[in-house]
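**Student:** For reference, this is start.cif, and it has mmCIF, C-alpha atoms (C1' of nucleotides).
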```cif
data_data
#
loop_
_atom_site.label_atom_id
_atom_site.label_comp_id
_atom_site.auth_asym_id
_atom_site.auth_seq_id
_atom_site.Cartn_x
_atom_site.Cartn_y
_atom_site.Cartn_z
CA MET A 1 36.44 -3.75 -7.01
CA ASP A 2 35.25 -0.24 -7.36
CA VAL A 3 36.78 2.15 -4.92
CA GLU A 4 34.58 5.10 -4.09
CA THR A 5 36.60 8.25 -4.24
CA ASP A 6 34.51 11.37 -4.46
CA ASP A 7 31.92 10.20 -1.99
CA ILE A 8 29.79 13.28 -1.75
CA GLN A 9 26.79 11.97 0.14
CA ARG A 10 28.24 10.14 3.08
CA ASN A 11 26.17 10.96 6.13
CA LYS A 12 23.62 13.28 4.70
CA PRO A 13 20.57 11.96 2.97
CA PRO A 14 20.80 14.54 0.23
CA THR A 15 17.54 15.98 1.39
CA ARG A 16 16.63 17.72 -1.76
CA GLU A 17 14.07 20.32 -1.01
CA ILE A 18 10.53 19.05 -1.28
CA ASP A 19 8.90 21.02 -4.07
CA PRO A 20 5.17 21.54 -4.66
CA ILE A 21 4.96 18.51 -6.95
CA ASP A 22 6.46 16.32 -4.24
CA ARG A 23 3.91 17.63 -1.80
CA LYS A 24 1.12 16.85 -4.23
CA ILE A 25 2.48 13.35 -4.65
CA LEU A 26 2.57 12.89 -0.90
CA GLY A 27 -0.96 14.17 -0.64
CA VAL A 28 -2.17 11.64 -3.18
CA LEU A 29 -0.26 8.72 -1.68
CA VAL A 30 -1.44 9.48 1.85
CA GLU A 31 -4.99 9.17 0.59
CA ASP A 32 -4.40 6.06 -1.50
CA ALA A 33 -1.06 4.43 -2.09
CA THR A 34 -2.48 1.69 -4.31
CA ILE A 35 -2.92 3.75 -7.47
CA SER A 36 -0.70 3.13 -10.48
CA TYR A 37 2.15 5.41 -11.43
CA ALA A 38 0.20 6.21 -14.57
CA GLU A 39 -2.65 7.67 -12.55
CA LEU A 40 -0.36 9.30 -10.02
CA GLY A 41 1.52 10.96 -12.84
CA GLU A 42 -1.70 12.14 -14.39
CA ARG A 43 -2.87 13.71 -11.14
CA VAL A 44 0.30 15.66 -10.56
CA GLY A 45 1.13 16.38 -14.18
CA LEU A 46 3.96 13.97 -14.86
CA SER A 47 4.66 10.93 -17.00
CA PRO A 48 4.56 7.53 -15.27
CA PRO A 49 8.35 7.11 -15.16
CA ALA A 50 8.82 10.63 -13.84
CA ALA A 51 6.29 10.03 -11.09
CA HIS A 52 8.00 6.76 -10.30
CA GLU A 53 11.34 8.52 -10.06
CA ARG A 54 9.93 11.06 -7.64
CA VAL A 55 8.42 8.43 -5.40
CA LYS A 56 11.68 6.48 -5.37
CA ARG A 57 13.45 9.63 -4.29
CA LEU A 58 10.93 10.35 -1.56
CA LYS A 59 11.40 6.85 -0.21
CA ARG A 60 15.17 6.99 -0.39
CA SER A 61 15.26 10.31 1.42
CA GLY A 62 12.98 8.96 4.14
CA ALA A 63 10.17 11.41 3.47
CA ILE A 64 7.98 8.36 2.86
CA ARG A 65 8.81 6.19 5.85
CA ALA A 66 6.59 3.28 4.85
CA THR A 67 3.53 2.25 2.94
CA SER A 68 1.08 0.71 5.32
CA ALA A 69 -2.37 -0.83 5.48
CA ILE A 70 -4.70 1.15 7.74
CA ILE A 71 -6.78 -1.24 9.80
CA ASP A 72 -10.24 -0.69 11.22
CA PRO A 73 -9.79 -1.15 14.98
CA ARG A 74 -13.21 -2.75 15.31
CA ALA A 75 -12.32 -5.41 12.76
CA VAL A 76 -9.48 -6.59 14.97
CA LYS A 77 -11.49 -6.35 18.17
CA LYS A 78 -9.90 -3.27 19.66
CA PRO A 79 -12.75 -0.82 20.12
CA LEU A 80 -11.42 0.88 23.24
CA LEU A 81 -9.05 3.79 22.70
CA ALA A 82 -7.41 5.64 25.58
CA PHE A 83 -4.70 8.19 26.24
CA VAL A 84 -2.70 7.50 29.38
CA HIS A 85 -0.72 10.22 31.12
CA ILE A 86 2.07 8.93 33.34
CA ASP A 87 3.87 10.70 36.16
CA THR A 88 7.23 9.33 37.20
CA ARG A 89 9.51 9.91 40.11
CA GLY A 90 12.89 11.12 38.97
CA TRP A 91 14.04 11.53 35.43
CA GLY A 92 14.79 9.29 32.52
CA LYS A 93 12.38 6.49 33.23
CA THR A 94 11.82 6.17 29.53
CA PRO A 95 13.93 3.04 28.94
CA GLU A 96 11.97 1.06 31.50
CA LEU A 97 8.66 2.24 30.14
CA MET A 98 9.72 1.39 26.62
CA ALA A 99 9.18 -2.23 27.58
CA VAL A 100 5.47 -1.75 27.00
CA SER A 101 6.25 -1.35 23.31
CA LYS A 102 6.05 -5.09 23.07
CA TYR A 103 2.31 -4.94 23.62
CA PRO A 104 0.55 -4.36 20.30
CA GLU A 105 -2.06 -2.39 22.21
CA VAL A 106 0.43 0.44 22.68
CA GLU A 107 0.51 2.66 19.61
CA GLU A 108 2.35 5.74 20.77
CA ILE A 109 4.84 6.69 23.47
CA HIS A 110 5.85 10.33 23.94
CA THR A 111 7.57 12.42 26.53
CA VAL A 112 5.69 15.67 27.00
CA ALA A 113 6.10 19.06 28.58
CA GLY A 114 3.31 20.04 30.89
CA ASP A 115 2.16 18.71 34.23
CA THR A 116 2.89 15.12 33.29
CA CYS A 117 5.90 13.19 32.08
CA MET A 118 4.80 10.71 29.49
CA LEU A 119 1.86 10.11 27.26
CA LEU A 120 0.69 6.82 25.79
CA LYS A 121 -1.90 6.08 23.17
CA VAL A 122 -3.32 2.61 23.69
CA ARG A 123 -6.05 0.61 21.99
CA THR A 124 -7.49 -2.41 23.73
CA GLU A 125 -10.23 -4.97 23.40
CA ASP A 126 -12.05 -3.89 26.57
CA THR A 127 -11.65 -2.24 29.93
CA ARG A 128 -10.16 -5.41 31.38
CA ALA A 129 -7.31 -5.28 28.92
CA LEU A 130 -6.81 -1.59 29.66
CA GLU A 131 -6.64 -2.41 33.34
CA GLY A 132 -4.11 -5.12 32.62
CA LEU A 133 -1.95 -2.66 30.77
CA LEU A 134 -2.24 -0.09 33.54
CA ALA A 135 -1.27 -2.72 36.08
CA ARG A 136 1.75 -3.45 33.95
CA LEU A 137 2.63 0.25 34.01
CA TYR A 138 2.36 0.49 37.78
CA ASP A 139 4.74 -2.43 38.08
CA THR A 140 7.37 -0.27 36.42
CA PRO A 141 9.69 1.28 39.04
CA GLY A 142 9.38 5.03 39.21
CA VAL A 143 5.81 5.27 38.01
CA THR A 144 3.93 7.27 40.62
CA SER A 145 0.56 7.82 39.01
CA THR A 146 -1.39 7.65 35.77
CA ARG A 147 -4.41 9.42 34.42
CA SER A 148 -6.39 7.79 31.65
CA TYR A 149 -8.62 9.53 29.18
CA VAL A 150 -10.96 7.02 27.60
CA VAL A 151 -12.14 7.99 24.16
CA LEU A 152 -15.91 8.05 23.72
CA SER A 153 -16.02 8.88 20.03
CA THR A 154 -13.41 9.49 17.39
CA TYR A 155 -14.36 12.15 14.87
CA LEU A 156 -11.10 12.39 12.99
CA GLU A 157 -8.07 10.16 12.79
CA ARG A 158 -5.69 10.39 9.89
CA PRO A 159 -1.99 10.07 9.11
CA VAL A 160 0.47 12.93 8.87
CA GLN A 161 -0.75 15.34 6.22
CA PRO A 162 1.78 16.89 3.88
CA GLU A 163 -0.01 20.21 3.62
CA ILE A 164 0.76 23.17 5.85
CA THR A 165 -1.51 26.08 6.70
CA SER A 166 0.51 29.07 5.59
CA GLU A 167 -1.63 31.82 7.02
CA TRP A 168 -3.44 31.58 10.32
CA PRO A 169 -6.34 33.92 10.99
CA ALA A 170 -4.70 36.67 12.98
CA PRO A 171 -6.01 36.92 16.54
CA LYS A 172 -6.58 40.64 16.47
CA HIS A 173 -6.85 41.01 20.20
CA MET A 174 -3.24 40.05 20.63
CA ALA A 175 -0.08 42.03 20.37
CA ASN A 176 2.37 41.12 17.66
CA PRO A 177 5.14 38.87 18.90
CA MET A 178 8.73 39.66 18.12
CA TYR A 179 9.35 36.15 16.80
CA MET B 1 -34.15 9.32 14.69
CA ASP B 2 -32.85 5.85 14.65
CA VAL B 3 -35.36 3.13 14.12
CA GLU B 4 -34.07 -0.16 15.32
CA THR B 5 -34.80 -2.83 12.78
CA ASP B 6 -33.20 -6.18 12.56
CA ASP B 7 -30.87 -4.84 9.97
CA ILE B 8 -27.81 -6.91 10.56
CA GLN B 9 -25.41 -4.93 8.43
CA ARG B 10 -26.28 -1.43 9.40
CA ASN B 11 -23.17 -0.74 11.36
CA LYS B 12 -21.54 -4.01 10.63
CA PRO B 13 -20.42 -4.97 7.15
CA PRO B 14 -20.95 -8.74 6.82
CA THR B 15 -17.70 -9.16 8.64
CA ARG B 16 -16.79 -12.73 8.12
CA GLU B 17 -14.83 -13.72 11.13
CA ILE B 18 -11.18 -12.79 10.87
CA ASP B 19 -9.19 -15.97 11.14
CA PRO B 20 -5.52 -16.30 12.14
CA ILE B 21 -4.38 -16.15 8.51
CA ASP B 22 -6.22 -12.88 8.02
CA ARG B 23 -4.54 -11.52 11.10
CA LYS B 24 -1.15 -12.55 9.79
CA ILE B 25 -1.91 -10.87 6.48
CA LEU B 26 -2.88 -7.69 8.29
CA GLY B 27 0.31 -7.87 10.32
CA VAL B 28 2.41 -8.10 7.20
CA LEU B 29 0.55 -5.36 5.34
CA VAL B 30 0.73 -2.97 8.27
CA GLU B 31 4.49 -3.31 8.20
CA ASP B 32 4.83 -3.06 4.44
CA ALA B 33 1.97 -2.89 1.98
CA THR B 34 4.23 -2.73 -1.08
CA ILE B 35 5.19 -6.39 -1.20
CA SER B 36 3.91 -8.62 -4.00
CA TYR B 37 1.11 -11.09 -3.53
CA ALA B 38 3.67 -13.79 -4.22
CA GLU B 39 5.71 -12.81 -1.18
CA LEU B 40 2.66 -12.14 0.95
CA GLY B 41 1.36 -15.59 0.11
CA GLU B 42 4.68 -17.14 0.94
CA ARG B 43 4.79 -15.47 4.35
CA VAL B 44 1.35 -16.62 5.38
CA GLY B 45 1.38 -19.96 3.60
CA LEU B 46 -0.86 -19.30 0.64
CA SER B 47 -0.60 -19.11 -3.14
CA PRO B 48 -0.54 -15.66 -4.73
CA PRO B 49 -4.16 -15.79 -5.94
CA ALA B 50 -5.38 -17.02 -2.56
CA ALA B 51 -3.55 -14.20 -0.79
CA HIS B 52 -5.00 -11.78 -3.30
CA GLU B 53 -8.48 -13.08 -2.63
CA ARG B 54 -8.03 -12.62 1.11
CA VAL B 55 -6.81 -9.08 0.74
CA LYS B 56 -9.71 -8.22 -1.53
CA ARG B 57 -12.09 -9.57 1.08
CA LEU B 58 -10.41 -7.61 3.85
CA LYS B 59 -10.76 -4.43 1.82
CA ARG B 60 -14.37 -5.10 0.90
CA SER B 61 -15.30 -5.78 4.48
CA GLY B 62 -13.62 -2.58 5.61
CA ALA B 63 -11.06 -4.30 7.80
CA ILE B 64 -8.44 -2.61 5.64
CA ARG B 65 -9.70 0.95 5.51
CA ALA B 66 -6.97 2.26 3.23
CA THR B 67 -3.43 1.79 2.07
CA SER B 68 -1.48 4.88 2.88
CA ALA B 69 1.98 6.38 2.63
CA ILE B 70 3.42 7.18 6.06
CA ILE B 71 5.19 10.52 5.94
CA ASP B 72 8.09 11.68 8.06
CA PRO B 73 6.77 14.83 9.78
CA ARG B 74 10.17 16.50 9.59
CA ALA B 75 10.26 16.06 5.82
CA VAL B 76 7.12 18.16 5.49
CA LYS B 77 8.26 20.73 8.06
CA LYS B 78 5.97 19.76 10.92
CA PRO B 79 8.30 18.93 13.79
CA LEU B 80 6.05 20.12 16.60
CA LEU B 81 3.56 17.59 17.94
CA ALA B 82 1.05 18.45 20.65
CA PHE B 83 -2.03 17.05 22.33
CA VAL B 84 -4.65 19.66 23.14
CA HIS B 85 -7.30 19.05 25.78
CA ILE B 86 -10.38 21.23 25.38
CA ASP B 87 -13.02 22.09 27.95
CA THR B 88 -16.33 23.33 26.67
CA ARG B 89 -19.33 24.96 28.26
CA GLY B 90 -22.43 22.89 27.70
CA TRP B 91 -22.67 19.78 25.63
CA GLY B 92 -22.44 18.84 21.99
CA LYS B 93 -19.95 21.41 20.86
CA THR B 94 -18.48 18.83 18.57
CA PRO B 95 -19.97 20.09 15.28
CA GLU B 96 -18.48 23.52 15.75
CA LEU B 97 -15.12 22.13 16.69
CA MET B 98 -15.16 19.80 13.71
CA ALA B 99 -14.46 22.87 11.63
CA VAL B 100 -10.79 22.60 12.56
CA SER B 101 -10.66 19.39 10.53
CA LYS B 102 -9.97 21.59 7.56
CA TYR B 103 -6.54 22.37 8.92
CA PRO B 104 -4.09 19.65 7.86
CA GLU B 105 -2.28 20.21 11.15
CA VAL B 106 -5.14 18.51 13.00
CA GLU B 107 -4.72 14.75 12.89
CA GLU B 108 -7.15 13.50 15.49
CA ILE B 109 -10.33 14.69 17.18
CA HIS B 110 -11.85 12.67 20.02
CA THR B 111 -14.39 13.15 22.73
CA VAL B 112 -13.11 11.72 25.98
CA ALA B 113 -14.29 10.77 29.43
CA GLY B 114 -12.30 12.29 32.23
CA ASP B 115 -11.85 15.82 33.42
CA THR B 116 -11.88 17.24 29.94
CA CYS B 117 -14.25 17.14 27.00
CA MET B 118 -12.25 16.83 23.82
CA LEU B 119 -8.81 15.84 22.79
CA LEU B 120 -6.92 16.91 19.68
CA LYS B 121 -3.69 15.67 18.21
CA VAL B 122 -2.05 18.39 16.20
CA ARG B 123 1.23 18.67 14.33
CA THR B 124 2.55 22.07 13.38
CA GLU B 125 5.57 23.74 11.87
CA ASP B 126 6.41 25.71 15.00
CA THR B 127 5.00 27.26 18.15
CA ARG B 128 3.58 30.15 16.17
CA ALA B 129 1.43 27.82 14.14
CA LEU B 130 0.32 26.04 17.30
CA GLU B 131 -0.65 29.37 18.77
CA GLY B 132 -2.56 30.18 15.62
CA LEU B 133 -4.48 26.98 15.91
CA LEU B 134 -5.21 27.55 19.59
CA ALA B 135 -6.44 31.03 18.82
CA ARG B 136 -8.74 29.47 16.25
CA LEU B 137 -10.04 27.10 18.92
CA TYR B 138 -10.75 29.90 21.37
CA ASP B 139 -12.76 31.66 18.71
CA THR B 140 -15.14 28.72 18.76
CA PRO B 141 -18.20 29.47 20.91
CA GLY B 142 -18.39 27.31 24.00
CA VAL B 143 -14.69 26.67 24.35
CA THR B 144 -13.77 27.67 27.89
CA SER B 145 -10.21 26.48 28.22
CA THR B 146 -7.51 24.33 26.67
CA ARG B 147 -4.48 22.55 28.00
CA SER B 148 -1.69 21.69 25.60
CA TYR B 149 0.85 18.97 26.06
CA VAL B 150 3.79 19.60 23.79
CA VAL B 151 5.67 16.47 22.81
CA LEU B 152 9.38 16.56 23.54
CA SER B 153 10.30 13.21 22.05
CA THR B 154 8.38 10.46 20.34
CA TYR B 155 9.60 6.97 21.15
CA LEU B 156 6.91 4.98 19.42
CA GLU B 157 4.31 5.86 16.84
CA ARG B 158 2.70 3.18 14.74
CA PRO B 159 -0.61 2.35 13.11
CA VAL B 160 -3.26 0.07 14.55
CA GLN B 161 -1.73 -3.34 15.17
CA PRO B 162 -3.79 -6.42 14.38
CA GLU B 163 -2.40 -8.48 17.26
CA ILE B 164 -4.03 -8.69 20.66
CA THR B 165 -2.44 -9.56 23.96
CA SER B 166 -4.47 -12.52 25.13
CA GLU B 167 -3.10 -12.89 28.63
CA TRP B 168 -2.14 -9.96 30.80
CA PRO B 169 0.19 -10.54 33.72
CA ALA B 170 -2.21 -10.94 36.62
CA PRO B 171 -1.90 -8.20 39.23
CA LYS B 172 -1.77 -10.51 42.21
CA HIS B 173 -2.50 -7.84 44.75
CA MET B 174 -5.96 -7.34 43.36
CA ALA B 175 -9.18 -9.15 43.96
CA ASN B 176 -10.77 -10.97 41.06
CA PRO B 177 -13.46 -8.94 39.38
CA MET B 178 -16.81 -10.45 38.62
CA TYR B 179 -16.65 -9.35 34.99
"C1'" DC C 1 -25.85 -42.39 5.29
"C1'" DA C 2 -25.12 -40.74 0.93
"C1'" DT C 3 -25.10 -36.74 -1.80
"C1'" DA C 4 -25.34 -32.10 -3.21
"C1'" DA C 5 -23.71 -27.44 -2.51
"C1'" DT C 6 -20.66 -24.14 -0.84
"C1'" DG C 7 -16.30 -21.96 -0.10
"C1'" DG C 8 -11.52 -21.71 -0.40
"C1'" DC C 9 -7.37 -23.10 -2.56
"C1'" DC C 10 -3.98 -24.04 -6.39
"C1'" DG C 11 -1.77 -23.92 -11.15
"C1'" DA C 12 -1.84 -21.86 -15.48
"C1'" DA C 13 -2.99 -18.37 -18.73
"C1'" DC C 14 -3.69 -13.68 -19.61
"C1'" DT C 15 -3.61 -8.67 -18.81
"C1'" DA C 16 -1.75 -4.63 -16.82
"C1'" DA C 17 1.60 -2.19 -14.41
"C1'" DA C 18 6.36 -1.52 -12.80
"C1'" DT C 19 10.87 -0.76 -14.21
"C1'" DT C 20 14.71 0.12 -17.28
"C1'" DC C 21 16.87 2.45 -21.03
"C1'" DC C 22 18.02 6.25 -23.77
"C1'" DG C 23 17.65 10.67 -25.99
"C1'" DC C 24 16.39 15.42 -25.12
"C1'" DA C 25 15.59 19.83 -22.80
"C1'" DT C 26 16.63 22.93 -19.01
"C1'" DC C 27 19.36 25.18 -15.71
"C1'" DA C 28 23.67 26.30 -13.17
"C1'" DA C 29 28.30 26.87 -12.76
"C1'" DT C 30 32.53 27.63 -14.96
"C1'" DA D 1 29.22 30.35 -24.61
"C1'" DT D 2 30.31 25.59 -23.04
"C1'" DT D 3 29.93 21.91 -20.02
"C1'" DG D 4 27.94 19.07 -16.63
"C1'" DA D 5 24.19 17.57 -14.02
"C1'" DT D 6 19.32 16.87 -13.35
"C1'" DG D 7 14.79 15.75 -14.48
"C1'" DC D 8 11.49 14.45 -17.99
"C1'" DG D 9 9.12 11.70 -21.69
"C1'" DG D 10 8.49 7.69 -25.00
"C1'" DA D 11 9.28 2.97 -26.00
"C1'" DA D 12 10.74 -1.62 -24.75
"C1'" DT D 13 11.24 -5.17 -21.33
"C1'" DT D 14 10.37 -7.51 -17.17
"C1'" DT D 15 7.58 -8.38 -13.38
"C1'" DA D 16 3.42 -8.53 -10.90
"C1'" DG D 17 -1.68 -8.34 -10.75
"C1'" DT D 18 -5.78 -10.62 -12.13
"C1'" DT D 19 -8.88 -13.97 -14.07
"C1'" DC D 20 -10.23 -18.66 -14.98
"C1'" DG D 21 -11.24 -23.52 -14.36
"C1'" DG D 22 -10.81 -27.56 -11.71
"C1'" DC D 23 -9.95 -29.88 -7.18
"C1'" DC D 24 -10.57 -30.80 -2.29
"C1'" DA D 25 -12.73 -30.21 2.19
"C1'" DT D 26 -16.39 -28.96 5.01
"C1'" DT D 27 -21.20 -28.38 5.75
"C1'" DA D 28 -26.01 -28.64 4.67
"C1'" DT D 29 -29.74 -31.68 2.85
"C1'" DG D 30 -32.73 -35.37 1.27
#
```
Represent the structure from my file as structure tokens, please.
**Tutor:**
Amino acid sequence: MDVETDDIQRNKPPTREIDPIDRKILGVLVEDATISYAELGERVGLSPPAAHERVKRLKRSGAIRATSAIIDPRAVKKPLLAFVHIDTRGWGKTPELMAVSKYPEVEEIHTVAGDTCMLLKVRTEDTRALEGLLARLYDTPGVTSTRSYVVLSTYLERPVQPEITSEWPAPKHMANPMY
Amino acid sequence: MDVETDDIQRNKPPTREIDPIDRKILGVLVEDATISYAELGERVGLSPPAAHERVKRLKRSGAIRATSAIIDPRAVKKPLLAFVHIDTRGWGKTPELMAVSKYPEVEEIHTVAGDTCMLLKVRTEDTRALEGLLARLYDTPGVTSTRSYVVLSTYLERPVQPEITSEWPAPKHMANPMY
DNA sequence: CATAATGGCCGAACTAAATTCCGCATCAAT
DNA sequence: ATTGATGCGGAATTTAGTTCGGCCATTATG
């Protein structure tokens, strides 16, 4: 058997810096991950095998976490979107609340700073189902109150974008911060 | 303005009812859209061409809106996630606020019912960038105040799930609603 | 009640893309 | 200047995507 000696990359995904071409690749694949490597290569200025190599690297490094079908919520009968803020008594109620992960209606669970403790994004068939989920939340020990924000219309909803705004319009009425 | 005709497929593509096999297909493709039609067919009990036909139909009907690469936010230097609630003076300030769509940091824009008017999901490189975005929001006429909830930890974040919880645990302490 | 028509599936053939291989150029470190 | 490593491109190979024709089941129709 082969015995690995000079094992350079043990714990570190050798996170090679993401260069502009990688970012372009990510931008293309976020829009449409079904295109061929030939077309991907053409769009970013690479040959098909080179583009393929880049994508493999991005997947290995974890930059591309998955390739996923984006579903229309209406098509699967989940037209009601809501954000639920949860206040808890005490600290560290997260493990108990994580139990709601098993419901496919729950899409996001975050802990947040601000006047509330946790924040859920949930998508249900109707208000009855939302009520059922809220009832389930109140059954969790430590949950003191919730506030739900029911979405009326969604104007934008998209995955993580690879681009970054480098220069923000300077708010001239403000002093310059030290950091 | 809108003239109501009996146009069946104005808002609705001729959505043939989604049967259990379709839902299984969606479930598989949400998890991993890179698998072959051979494997997809095997998982849902169909031949490769039959699975292919189903997927084509789901895409045509709009049930599958896109196939997209899911990016690790840290890999693209956007570790700061925040939800921004916006209060506006008056009504219908949406068009103006839609201008922030051009910033790739903005991932979602909703109008919500509750004590606030709009809700944004934004992901930035750091607090400076978040401040820059907030400053941009305050420059929008009609915006009276914002409240930001900065995410400390994300425990769950996933795309729309095709499954639906059919039976919610009945809250026994409640009366039965009429509807 | 029989029959035609439709829709969905399968197996096989065909086409296109993914993947591998190898030589070459570039850059960095010695 | 030399060496090693890294990334790229072109061609060949393997694998998957796609099309085609026939079969079966369900539903509409005379």
**Student:** For the provided coordinates, the residues matched by the PyMOL selection byres ((chain C) within 9 of (chain B)) should be stated as a list in words.
**Tutor:**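 Here the PyMOL selection byres ((chain C) within 9 of (chain B)) matches DG8, DC9 and DC10 of chain C.
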**Student:** Using all atoms listed in the file and a cut-off of 9 Å, which residues of chain D sit close to chain A? Please list them as a list in words.
**Tutor:**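 Close enough to count are DG7, DC8 and DG9 of chain D.
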**Student:** Specify as an mmCIF file with C-alpha atoms, in the coordinates of the input all residues of chain A found within 7 Å of chain B, counting all atoms listed in the file.
**Tutor:**
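Output file result.cif is given in full below:
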```cif
data_model
loop_
_atom_site.group_PDB
_atom_site.id
_atom_site.type_symbol
_atom_site.label_atom_id
_atom_site.label_comp_id
_atom_site.auth_asym_id
_atom_site.auth_seq_id
_atom_site.Cartn_x
_atom_site.Cartn_y
_atom_site.Cartn_z
ATOM 1 C CA LEU A 29 -0.260 8.720 -1.680
ATOM 2 C CA VAL A 30 -1.440 9.480 1.850
ATOM 3 C CA GLU A 31 -4.990 9.170 0.590
ATOM 4 C CA ASP A 32 -4.400 6.060 -1.500
ATOM 5 C CA ALA A 33 -1.060 4.430 -2.090
ATOM 6 C CA THR A 34 -2.480 1.690 -4.310
ATOM 7 C CA GLY A 62 12.980 8.960 4.140
ATOM 8 C CA ALA A 63 10.170 11.410 3.470
ATOM 9 C CA ILE A 64 7.980 8.360 2.860
ATOM 10 C CA ARG A 65 8.810 6.190 5.850
ATOM 11 C CA ALA A 66 6.590 3.280 4.850
ATOM 12 C CA THR A 67 3.530 2.250 2.940
ATOM 13 C CA SER A 68 1.080 0.710 5.320
ATOM 14 C CA ALA A 69 -2.370 -0.830 5.480
ATOM 15 C CA ILE A 70 -4.700 1.150 7.740
ATOM 16 C CA ILE A 71 -6.780 -1.240 9.800
ATOM 17 C CA ASP A 72 -10.240 -0.690 11.220
ATOM 18 C CA PRO A 73 -9.790 -1.150 14.980
ATOM 19 C CA ALA A 75 -12.320 -5.410 12.760
ATOM 20 C CA VAL A 76 -9.480 -6.590 14.970
ATOM 21 C CA TYR A 103 2.310 -4.940 23.620
ATOM 22 C CA PRO A 104 0.550 -4.360 20.300
ATOM 23 C CA GLU A 105 -2.060 -2.390 22.210
ATOM 24 C CA GLU A 107 0.510 2.660 19.610
ATOM 25 C CA GLU A 108 2.350 5.740 20.770
ATOM 26 C CA ILE A 109 4.840 6.690 23.470
ATOM 27 C CA HIS A 110 5.850 10.330 23.940
ATOM 28 C CA THR A 111 7.570 12.420 26.530
ATOM 29 C CA VAL A 112 5.690 15.670 27.000
ATOM 30 C CA ALA A 113 6.100 19.060 28.580
ATOM 31 C CA GLY A 114 3.310 20.040 30.890
ATOM 32 C CA GLY A 132 -4.110 -5.120 32.620
ATOM 33 C CA ALA A 135 -1.270 -2.720 36.080
ATOM 34 C CA TYR A 149 -8.620 9.530 29.180
ATOM 35 C CA VAL A 150 -10.960 7.020 27.600
ATOM 36 C CA VAL A 151 -12.140 7.990 24.160
ATOM 37 C CA LEU A 152 -15.910 8.050 23.720
ATOM 38 C CA SER A 153 -16.020 8.880 20.030
ATOM 39 C CA THR A 154 -13.410 9.490 17.390
ATOM 40 C CA TYR A 155 -14.360 12.150 14.870
ATOM 41 C CA LEU A 156 -11.100 12.390 12.990
ATOM 42 C CA GLU A 157 -8.070 10.160 12.790
ATOM 43 C CA ARG A 158 -5.690 10.390 9.890
ATOM 44 C CA PRO A 159 -1.990 10.070 9.110
ATOM 45 C CA VAL A 160 0.470 12.930 8.870
ATOM 46 C CA GLN A 161 -0.750 15.340 6.220
ATOM 47 C CA PRO A 162 1.780 16.890 3.880
ATOM 48 C CA GLU A 163 -0.010 20.210 3.620
ATOM 49 C CA ILE A 164 0.760 23.170 5.850
ATOM 50 C CA THR A 165 -1.510 26.080 6.700
ATOM 51 C CA TRP A 168 -3.440 31.580 10.320
ATOM 52 C CA PRO A 171 -6.010 36.920 16.540
#
```
**Student:** Would you mind reading off the distance between atom CA of A:Val44 and atom C1' of C:DT15, one decimal, in Å?
**Tutor:**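 Distance between the two atoms: 26.0 Å.
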**Student:** Excluding stretch 20-26 of chain D and residues on its chain fewer than 2 positions from it, collect all residues at most 10 Å away from it, counting all atoms listed in the file, and give them as a JSON list (two decimals) with C-alpha atoms (C1' of nucleotides), in the coordinates of the input.
**Tutor:**
```json
[["chain", "number", "residue", "atom", "x", "y", "z"],
["C", 6, "DT", "C1'", -20.66, -24.14, -0.84],
["C", 7, "DG", "C1'", -16.30, -21.96, -0.10],
["C", 8, "DG", "C1'", -11.52, -21.71, -0.40],
["C", 9, "DC", "C1'", -7.37, -23.10, -2.56],
["C", 10, "DC", "C1'", -3.98, -24.04, -6.39],
["C", 11, "DG", "C1'", -1.77, -23.92, -11.15],
["C", 12, "DA", "C1'", -1.84, -21.86, -15.48],
["C", 13, "DA", "C1'", -2.99, -18.37, -18.73],
["C", 14, "DC", "C1'", -3.69, -13.68, -19.61],
["D", 18, "DT", "C1'", -5.78, -10.62, -12.13],
["D", 28, "DA", "C1'", -26.01, -28.64, 4.67]]
```
**Student:** Name the residues that the PyMOL selection byres ((chain C and resi 16-20) around 8) pulls out of this structure, and write them as a PyMOL selection string.
**Tutor:** (chain A and resi 36) or (chain C and resi 15+21) or (chain D and resi 13-17)
**Student:** Pairing every C-alpha atom in order, fit chain B onto chain A and give me the RMSD in Å.
**Tutor:**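 When all C-alpha atoms are superposed, the deviation is 4.7 Å.
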**Student:** Could you tell me, as number ranges by chain, exactly which residues end up selected when the PyMOL selection byres ((chain C and resi 24-29) around 10) is applied to this structure?
**Tutor:** C: 22-23, 30; D: 3-9
**Student:** One decimal, Å: what's the distance from atom CA of A:Asp126 over to atom CA of A:Thr140, could you say?
**Tutor:**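 Rounded to one decimal, the two atoms are 22.1 Å apart.
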**Student:** Listed atoms of stretch 15-34 of chain B, axis-aligned box, 8 Å per side: centre and edge lengths to one decimal in Å, as JSON?
**Tutor:**
```
{"center_x": -6.4, "center_y": -9.5, "center_z": 5.5, "size_x": 38.5, "size_y": 29.6, "size_z": 29.2}
```
**Student:** Expressed in Å to a single decimal, how great is the separation between atom CA of B:Arg60 and atom CA of B:Leu40?
**Tutor:** 18.4 Å
**Student:** Pick the closest to A:Gly92 from A:Pro20, A:Pro79, A:Gly41, A:Pro141: which is it, counting only C-alpha atoms?
**Tutor:**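 Among the listed residues, A:Pro141 lies closest to A:Gly92.
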**Student:** With all atoms listed in the file as the counted atoms, please give the residues lying no more than 10 Å from B:Gly90, apart from itself and same-chain residues fewer than 2 positions off, as a short mmCIF file (atom, residue, chain, number, x, y, z; two decimals) with C-alpha atoms, in the coordinates of the input.
**Tutor:**
```cif
data_model
loop_
_atom_site.label_atom_id
_atom_site.label_comp_id
_atom_site.auth_asym_id
_atom_site.auth_seq_id
_atom_site.Cartn_x
_atom_site.Cartn_y
_atom_site.Cartn_z
CA ASP B 87 -13.02 22.09 27.95
CA THR B 88 -16.33 23.33 26.67
CA GLY B 92 -22.44 18.84 21.99
CA LYS B 93 -19.95 21.41 20.86
CA GLY B 142 -18.39 27.31 24.00
CA VAL B 143 -14.69 26.67 24.35
CA THR B 144 -13.77 27.67 27.89
#
```
